[in-house]
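Structure file input-v7.tsv (TSV, N, CA and C atoms) follows.
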```tsv
chain	number	residue	atom	x	y	z
A	1	MET	N	-38.16	-22.47	-32.12
A	1	MET	CA	-36.91	-22.70	-32.80
A	1	MET	C	-36.10	-21.41	-32.80
A	2	MET	N	-34.81	-21.51	-32.45
A	2	MET	CA	-33.95	-20.34	-32.40
A	2	MET	C	-33.41	-20.01	-33.77
A	3	GLN	N	-33.25	-18.73	-34.03
A	3	GLN	CA	-32.68	-18.26	-35.28
A	3	GLN	C	-31.26	-17.80	-34.99
A	4	ARG	N	-30.28	-18.34	-35.72
A	4	ARG	CA	-28.88	-17.96	-35.56
A	4	ARG	C	-28.61	-16.66	-36.29
A	5	LEU	N	-28.01	-15.70	-35.61
A	5	LEU	CA	-27.71	-14.41	-36.20
A	5	LEU	C	-26.22	-14.24	-36.48
A	6	GLY	N	-25.40	-15.23	-36.13
A	6	GLY	CA	-23.96	-15.15	-36.35
A	6	GLY	C	-23.23	-14.78	-35.08
A	7	ALA	N	-21.95	-15.13	-35.02
A	7	ALA	CA	-21.06	-14.81	-33.89
A	7	ALA	C	-21.65	-15.27	-32.56
A	8	GLY	N	-22.36	-16.41	-32.56
A	8	GLY	CA	-22.90	-16.96	-31.32
A	8	GLY	C	-24.14	-16.26	-30.80
A	9	ILE	N	-24.69	-15.34	-31.58
A	9	ILE	CA	-25.89	-14.61	-31.16
A	9	ILE	C	-27.10	-15.34	-31.71
A	10	ALA	N	-28.10	-15.56	-30.85
A	10	ALA	CA	-29.32	-16.23	-31.29
A	10	ALA	C	-30.52	-15.41	-30.85
A	11	ARG	N	-31.57	-15.48	-31.62
A	11	ARG	CA	-32.81	-14.78	-31.29
A	11	ARG	C	-33.90	-15.83	-31.09
A	12	LEU	N	-34.57	-15.75	-29.94
A	12	LEU	CA	-35.70	-16.63	-29.69
A	12	LEU	C	-36.90	-16.11	-30.43
A	13	PRO	N	-37.78	-16.98	-30.90
A	13	PRO	CA	-38.99	-16.50	-31.58
A	13	PRO	C	-39.87	-15.75	-30.60
A	14	ARG	N	-40.58	-14.76	-31.09
A	14	ARG	CA	-41.48	-13.97	-30.27
A	14	ARG	C	-42.81	-14.68	-30.16
A	15	ALA	N	-43.47	-14.55	-29.01
A	15	ALA	CA	-44.76	-15.19	-28.78
A	15	ALA	C	-45.86	-14.53	-29.58
A	16	SER	N	-45.73	-13.25	-29.85
A	16	SER	CA	-46.78	-12.52	-30.53
A	16	SER	C	-46.23	-11.83	-31.77
A	17	PRO	N	-46.96	-11.87	-32.88
A	17	PRO	CA	-46.49	-11.14	-34.05
A	17	PRO	C	-46.51	-9.64	-33.84
A	18	LEU	N	-47.25	-9.17	-32.85
A	18	LEU	CA	-47.29	-7.74	-32.55
A	18	LEU	C	-46.04	-7.26	-31.85
A	19	ALA	N	-45.25	-8.20	-31.32
A	19	ALA	CA	-44.05	-7.84	-30.58
A	19	ALA	C	-42.81	-8.08	-31.42
A	20	GLY	N	-42.90	-7.89	-32.72
A	20	GLY	CA	-41.81	-8.15	-33.66
A	20	GLY	C	-40.59	-7.31	-33.39
A	21	GLY	N	-39.46	-7.75	-33.92
A	21	GLY	CA	-38.21	-7.03	-33.75
A	21	GLY	C	-38.12	-5.84	-34.68
A	22	ILE	N	-36.98	-5.16	-34.64
A	22	ILE	CA	-36.79	-3.95	-35.42
A	22	ILE	C	-37.01	-4.20	-36.91
A	23	SER	N	-36.55	-5.34	-37.41
A	23	SER	CA	-36.66	-5.59	-38.84
A	23	SER	C	-38.10	-5.77	-39.30
A	24	SER	N	-39.03	-6.11	-38.40
A	24	SER	CA	-40.40	-6.36	-38.83
A	24	SER	C	-41.37	-5.26	-38.43
A	25	ARG	N	-40.93	-4.29	-37.66
A	25	ARG	CA	-41.86	-3.24	-37.30
A	25	ARG	C	-41.82	-2.13	-38.33
A	26	GLY	N	-42.91	-1.40	-38.40
A	26	GLY	CA	-43.00	-0.32	-39.38
A	26	GLY	C	-42.27	0.90	-38.88
A	27	SER	N	-43.00	1.80	-38.27
A	27	SER	CA	-42.44	3.04	-37.78
A	27	SER	C	-41.95	2.86	-36.35
A	28	CYS	N	-40.80	3.42	-36.04
A	28	CYS	CA	-40.29	3.35	-34.67
A	28	CYS	C	-40.91	4.42	-33.80
A	29	THR	N	-41.83	5.22	-34.37
A	29	THR	CA	-42.48	6.26	-33.59
A	29	THR	C	-43.96	5.94	-33.36
A	30	LYS	N	-44.47	4.90	-34.01
A	30	LYS	CA	-45.90	4.57	-33.91
A	30	LYS	C	-46.09	3.32	-33.05
A	31	LEU	N	-46.97	3.44	-32.05
A	31	LEU	CA	-47.23	2.34	-31.13
A	31	LEU	C	-48.64	1.79	-31.30
A	32	PHE	N	-48.76	0.48	-31.16
A	32	PHE	CA	-50.04	-0.22	-31.11
A	32	PHE	C	-50.42	-0.34	-29.64
A	33	VAL	N	-51.65	0.01	-29.30
A	33	VAL	CA	-52.11	-0.07	-27.91
A	33	VAL	C	-53.36	-0.94	-27.88
A	34	GLY	N	-53.32	-2.00	-27.11
A	34	GLY	CA	-54.51	-2.85	-27.00
A	34	GLY	C	-54.16	-4.27	-26.69
A	35	ALA	N	-54.22	-5.13	-27.72
A	35	ALA	CA	-53.97	-6.57	-27.59
A	35	ALA	C	-54.75	-7.15	-26.41
A	36	ALA	N	-56.06	-7.03	-26.48
A	36	ALA	CA	-56.99	-7.52	-25.47
A	36	ALA	C	-56.91	-6.72	-24.18
A	37	GLY	N	-56.49	-5.45	-24.27
A	37	GLY	CA	-56.37	-4.69	-23.04
A	37	GLY	C	-57.07	-3.35	-23.02
A	38	LEU	N	-57.17	-2.65	-24.14
A	38	LEU	CA	-57.73	-1.30	-24.15
A	38	LEU	C	-59.23	-1.37	-23.85
A	39	SER	N	-59.66	-0.61	-22.87
A	39	SER	CA	-61.07	-0.58	-22.50
A	39	SER	C	-61.90	-0.07	-23.67
A	40	TYR	N	-63.08	-0.63	-23.84
A	40	TYR	CA	-63.96	-0.18	-24.92
A	40	TYR	C	-64.48	1.24	-24.66
A	41	ASP	N	-64.31	1.74	-23.44
A	41	ASP	CA	-64.71	3.10	-23.09
A	41	ASP	C	-63.58	4.12	-23.31
A	42	THR	N	-62.37	3.64	-23.59
A	42	THR	CA	-61.24	4.55	-23.79
A	42	THR	C	-61.38	5.23	-25.15
A	43	ASN	N	-61.35	6.57	-25.13
A	43	ASN	CA	-61.45	7.33	-26.38
A	43	ASN	C	-60.11	8.01	-26.67
A	44	GLU	N	-60.03	8.73	-27.76
A	44	GLU	CA	-58.77	9.36	-28.17
A	44	GLU	C	-58.24	10.38	-27.18
A	45	PRO	N	-59.07	11.27	-26.60
A	45	PRO	CA	-58.52	12.20	-25.60
A	45	PRO	C	-57.93	11.49	-24.37
A	46	VAL	N	-58.56	10.41	-23.94
A	46	VAL	CA	-58.04	9.65	-22.78
A	46	VAL	C	-56.71	9.00	-23.13
A	47	LEU	N	-56.63	8.41	-24.32
A	47	LEU	CA	-55.40	7.76	-24.76
A	47	LEU	C	-54.28	8.78	-24.91
A	48	LYS	N	-54.59	9.92	-25.50
A	48	LYS	CA	-53.58	10.98	-25.67
A	48	LYS	C	-53.09	11.48	-24.31
A	49	ASP	N	-54.01	11.66	-23.38
A	49	ASP	CA	-53.64	12.13	-22.05
A	49	ASP	C	-52.69	11.17	-21.35
A	50	ALA	N	-52.90	9.86	-21.54
A	50	ALA	CA	-52.05	8.86	-20.90
A	50	ALA	C	-50.64	8.84	-21.49
A	51	PHE	N	-50.51	9.15	-22.78
A	51	PHE	CA	-49.23	9.03	-23.47
A	51	PHE	C	-48.47	10.34	-23.59
A	52	ARG	N	-49.13	11.48	-23.47
A	52	ARG	CA	-48.45	12.76	-23.76
A	52	ARG	C	-47.32	13.11	-22.81
A	53	GLN	N	-47.30	12.50	-21.64
A	53	GLN	CA	-46.22	12.78	-20.69
A	53	GLN	C	-44.85	12.30	-21.19
A	54	PHE	N	-44.85	11.47	-22.24
A	54	PHE	CA	-43.59	10.91	-22.74
A	54	PHE	C	-43.02	11.65	-23.93
A	55	GLY	N	-43.77	12.60	-24.49
A	55	GLY	CA	-43.26	13.38	-25.60
A	55	GLY	C	-44.36	13.92	-26.48
A	56	ASP	N	-43.95	14.66	-27.51
A	56	ASP	CA	-44.91	15.26	-28.44
A	56	ASP	C	-45.54	14.20	-29.31
A	57	ILE	N	-46.87	14.26	-29.41
A	57	ILE	CA	-47.65	13.27	-30.15
A	57	ILE	C	-48.10	13.87	-31.47
A	58	ILE	N	-47.94	13.10	-32.54
A	58	ILE	CA	-48.41	13.50	-33.86
A	58	ILE	C	-49.88	13.13	-34.04
A	59	GLU	N	-50.23	11.89	-33.65
A	59	GLU	CA	-51.59	11.41	-33.88
A	59	GLU	C	-51.97	10.32	-32.88
A	60	VAL	N	-53.24	10.33	-32.49
A	60	VAL	CA	-53.82	9.28	-31.65
A	60	VAL	C	-55.07	8.80	-32.37
A	61	LYS	N	-55.21	7.49	-32.47
A	61	LYS	CA	-56.37	6.93	-33.16
A	61	LYS	C	-56.87	5.71	-32.41
A	62	VAL	N	-58.13	5.74	-31.97
A	62	VAL	CA	-58.80	4.58	-31.41
A	62	VAL	C	-59.65	4.00	-32.54
A	63	ILE	N	-59.47	2.73	-32.83
A	63	ILE	CA	-60.17	2.09	-33.93
A	63	ILE	C	-61.57	1.69	-33.48
A	64	CYS	N	-62.57	2.15	-34.26
A	64	CYS	CA	-63.98	1.93	-33.91
A	64	CYS	C	-64.70	1.11	-34.98
A	65	ASP	N	-65.73	0.41	-34.56
A	65	ASP	CA	-66.59	-0.33	-35.45
A	65	ASP	C	-67.38	0.66	-36.32
A	66	HIS	N	-67.43	0.40	-37.61
A	66	HIS	CA	-68.11	1.32	-38.53
A	66	HIS	C	-69.61	1.39	-38.30
A	67	MET	N	-70.20	0.30	-37.87
A	67	MET	CA	-71.66	0.26	-37.69
A	67	MET	C	-72.08	0.87	-36.35
A	68	SER	N	-71.45	0.41	-35.26
A	68	SER	CA	-71.88	0.84	-33.93
A	68	SER	C	-71.17	2.10	-33.45
A	69	GLY	N	-69.99	2.38	-33.99
A	69	GLY	CA	-69.21	3.52	-33.53
A	69	GLY	C	-68.45	3.24	-32.25
A	70	LYS	N	-68.58	2.02	-31.72
A	70	LYS	CA	-67.89	1.67	-30.47
A	70	LYS	C	-66.46	1.23	-30.75
A	71	SER	N	-65.61	1.45	-29.77
A	71	SER	CA	-64.21	1.07	-29.88
A	71	SER	C	-64.08	-0.44	-30.08
A	72	LYS	N	-63.11	-0.84	-30.90
A	72	LYS	CA	-62.80	-2.26	-31.09
A	72	LYS	C	-61.81	-2.75	-30.04
A	73	GLY	N	-61.36	-1.86	-29.16
A	73	GLY	CA	-60.47	-2.27	-28.07
A	73	GLY	C	-58.99	-2.10	-28.36
A	74	TYR	N	-58.67	-1.35	-29.42
A	74	TYR	CA	-57.26	-1.08	-29.68
A	74	TYR	C	-57.12	0.25	-30.41
A	75	GLY	N	-55.89	0.75	-30.43
A	75	GLY	CA	-55.63	2.01	-31.09
A	75	GLY	C	-54.16	2.20	-31.35
A	76	PHE	N	-53.81	3.41	-31.81
A	76	PHE	CA	-52.43	3.72	-32.16
A	76	PHE	C	-52.07	5.10	-31.64
A	77	VAL	N	-50.81	5.26	-31.23
A	77	VAL	CA	-50.28	6.55	-30.81
A	77	VAL	C	-48.98	6.75	-31.58
A	78	GLN	N	-48.86	7.88	-32.29
A	78	GLN	CA	-47.64	8.17	-33.01
A	78	GLN	C	-46.97	9.39	-32.41
A	79	PHE	N	-45.70	9.21	-32.05
A	79	PHE	CA	-44.89	10.26	-31.46
A	79	PHE	C	-44.03	10.93	-32.51
A	80	GLU	N	-43.54	12.12	-32.19
A	80	GLU	CA	-42.61	12.82	-33.08
A	80	GLU	C	-41.23	12.18	-33.06
A	81	SER	N	-40.85	11.56	-31.93
A	81	SER	CA	-39.50	11.00	-31.82
A	81	SER	C	-39.53	9.53	-31.43
A	82	GLU	N	-38.50	8.81	-31.87
A	82	GLU	CA	-38.34	7.41	-31.50
A	82	GLU	C	-38.09	7.26	-30.01
A	83	ALA	N	-37.36	8.21	-29.43
A	83	ALA	CA	-37.06	8.14	-28.00
A	83	ALA	C	-38.34	8.23	-27.17
A	84	ALA	N	-39.25	9.12	-27.54
A	84	ALA	CA	-40.51	9.26	-26.81
A	84	ALA	C	-41.34	7.99	-26.94
A	85	ALA	N	-41.40	7.42	-28.14
A	85	ALA	CA	-42.17	6.19	-28.35
A	85	ALA	C	-41.59	5.05	-27.52
A	86	SER	N	-40.28	4.94	-27.52
A	86	SER	CA	-39.60	3.88	-26.76
A	86	SER	C	-39.87	4.01	-25.26
A	87	THR	N	-39.79	5.23	-24.75
A	87	THR	CA	-40.04	5.46	-23.32
A	87	THR	C	-41.49	5.13	-22.98
A	88	ALA	N	-42.43	5.56	-23.81
A	88	ALA	CA	-43.84	5.27	-23.57
A	88	ALA	C	-44.10	3.78	-23.58
A	89	LEU	N	-43.52	3.07	-24.54
A	89	LEU	CA	-43.69	1.62	-24.61
A	89	LEU	C	-43.19	0.97	-23.32
A	90	ASN	N	-41.99	1.33	-22.90
A	90	ASN	CA	-41.40	0.72	-21.71
A	90	ASN	C	-42.15	1.08	-20.43
A	91	GLU	N	-42.70	2.27	-20.35
A	91	GLU	CA	-43.38	2.71	-19.13
A	91	GLU	C	-44.83	2.27	-19.05
A	92	LEU	N	-45.52	2.12	-20.18
A	92	LEU	CA	-46.96	1.86	-20.14
A	92	LEU	C	-47.37	0.43	-20.46
A	93	ASP	N	-46.50	-0.36	-21.07
A	93	ASP	CA	-46.86	-1.74	-21.39
A	93	ASP	C	-47.16	-2.51	-20.10
A	94	GLY	N	-48.36	-3.05	-20.02
A	94	GLY	CA	-48.78	-3.80	-18.84
A	94	GLY	C	-49.40	-2.96	-17.74
A	95	LYS	N	-49.45	-1.64	-17.93
A	95	LYS	CA	-50.02	-0.75	-16.92
A	95	LYS	C	-51.53	-0.63	-17.11
A	96	SER	N	-52.21	-0.10	-16.10
A	96	SER	CA	-53.67	0.04	-16.12
A	96	SER	C	-54.09	1.38	-16.72
A	97	LEU	N	-55.09	1.32	-17.61
A	97	LEU	CA	-55.69	2.52	-18.19
A	97	LEU	C	-57.19	2.28	-18.26
A	98	ASP	N	-57.97	3.15	-17.69
A	98	ASP	CA	-59.43	2.99	-17.63
A	98	ASP	C	-59.82	1.64	-17.03
A	99	GLY	N	-59.06	1.19	-16.03
A	99	GLY	CA	-59.40	-0.04	-15.32
A	99	GLY	C	-58.98	-1.33	-16.02
A	100	ARG	N	-58.24	-1.23	-17.13
A	100	ARG	CA	-57.78	-2.43	-17.85
A	100	ARG	C	-56.27	-2.36	-18.06
A	101	ASP	N	-55.61	-3.50	-17.98
A	101	ASP	CA	-54.18	-3.56	-18.26
A	101	ASP	C	-54.00	-3.51	-19.78
A	102	ILE	N	-53.19	-2.56	-20.22
A	102	ILE	CA	-52.98	-2.39	-21.67
A	102	ILE	C	-51.67	-3.04	-22.09
A	103	ARG	N	-51.60	-3.41	-23.34
A	103	ARG	CA	-50.37	-3.92	-23.95
A	103	ARG	C	-49.95	-2.88	-24.99
A	104	VAL	N	-48.67	-2.56	-24.99
A	104	VAL	CA	-48.14	-1.57	-25.92
A	104	VAL	C	-47.00	-2.22	-26.69
A	105	HIS	N	-47.06	-2.13	-28.03
A	105	HIS	CA	-46.03	-2.68	-28.91
A	105	HIS	C	-45.76	-1.68	-30.02
A	106	TYR	N	-44.64	-1.84	-30.69
A	106	TYR	CA	-44.42	-1.04	-31.89
A	106	TYR	C	-45.42	-1.49	-32.95
A	107	ALA	N	-46.02	-0.53	-33.63
A	107	ALA	CA	-46.97	-0.84	-34.69
A	107	ALA	C	-46.22	-1.42	-35.88
A	108	GLN	N	-46.88	-2.32	-36.59
A	108	GLN	CA	-46.30	-2.92	-37.78
A	108	GLN	C	-47.05	-2.45	-39.00
A	109	LYS	N	-46.34	-2.28	-40.09
A	109	LYS	CA	-47.00	-1.90	-41.34
A	109	LYS	C	-47.82	-3.08	-41.83
A	110	ARG	N	-48.96	-2.77	-42.41
A	110	ARG	CA	-49.80	-3.79	-43.02
A	110	ARG	C	-49.73	-3.63	-44.53
A	111	ASN	N	-49.97	-4.70	-45.24
A	111	ASN	CA	-49.94	-4.64	-46.71
A	111	ASN	C	-50.95	-3.64	-47.25
A	112	GLY	N	-52.10	-3.53	-46.59
A	112	GLY	CA	-53.13	-2.61	-47.03
A	112	GLY	C	-52.92	-1.20	-46.55
A	113	GLY	N	-51.86	-0.96	-45.82
A	113	GLY	CA	-51.58	0.37	-45.28
A	113	GLY	C	-52.14	0.53	-43.89
A	114	LEU	N	-51.62	1.50	-43.19
A	114	LEU	CA	-52.07	1.78	-41.83
A	114	LEU	C	-51.83	3.22	-41.52
```
Mind turning the file's structure into structure tokens?
Amino acid sequence: MMQRLGAGIARLPRASPLAGGISSRGSCTKLFVGAAGLSYDTNEPVLKDAFRQFGDIIEVKVICDHMSGKSKGYGFVQFESEAAASTALNELDGKSLDGRDIRVHYAQKRNGGL
């Protein structure tokens, strides 16, 4: 179902809640990396190395299982600037990292914090 935004502008619904628009995303500098794509062997130094070419990074976090210590297959990269995050998203979404195609989206705030 299309949402009317006024003046003949309409927005189609997004297929994934991870791909939300500006109004639903949290930080414009923080990216979610994964969505069934991040290799379980990818660690924080590998993720940082793949993203650092697009700008200065504040933080890289690969989310791991508390019991096994193994990656859950997703992580986050936070840049110092919105421009760097935007460029990284556009350049790396759908690209291969550690032999797997990754999905990159703007991270969304969660009620419990992130």
Requested in this report: For the point (-48.3, 14.6, -33.7) in the file's frame, write as a count of residues only all residues with an atom no more than 6.5 Å away, counting all atoms listed in the file.
Outcome: 7
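Minimum atom-to-atom distance to Val60 in chain A, evaluated using only C-alpha atoms, belongs to A:Gly75 out of A:Gly99, A:Gly34, A:Gly94, A:Gly75.
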Requested in this report: Could you tell me, as a PyMOL selection string, which residues of range 21-106 of chain A DSSP assigns to helix (DSSP H, G or I) when given the backbone?
Outcome: chain A and resi 22-24+44-54+82-92
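Comparing A:Ile102, A:Gly55, A:Gly37, A:Lys109 by their smallest distance to Ala83 in chain A, the closest is A:Gly55 (using all atoms listed in the file).
Atom C of Ala88 in chain A to CA of His105 in chain A spans 8.6 Å [interatomic distance, one decimal].
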Requested in this report: Compile the contact shell of Phe51 in chain A as number ranges by chain: residues with an atom at most 12 Å away, counting only C-alpha atoms, same-chain residues fewer than 4 positions apart removed.
Outcome: A: 30-31, 33, 44-47, 55-60, 76-79, 84-93, 95, 97, 104
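Between CA of Gly73 in chain A and CA of Tyr40 in chain A there is a distance of 5.1 Å.
The interatomic distance for the pair atom C of His66 in chain A and atom N of Cys28 in chain A works out to 29.0 Å.
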Report summary line: Nearest to Phe54 in chain A, restricted to only C-alpha atoms and choosing among A:Met67, A:Asp98, A:Ser81, A:Leu38, comes out as A:Ser81
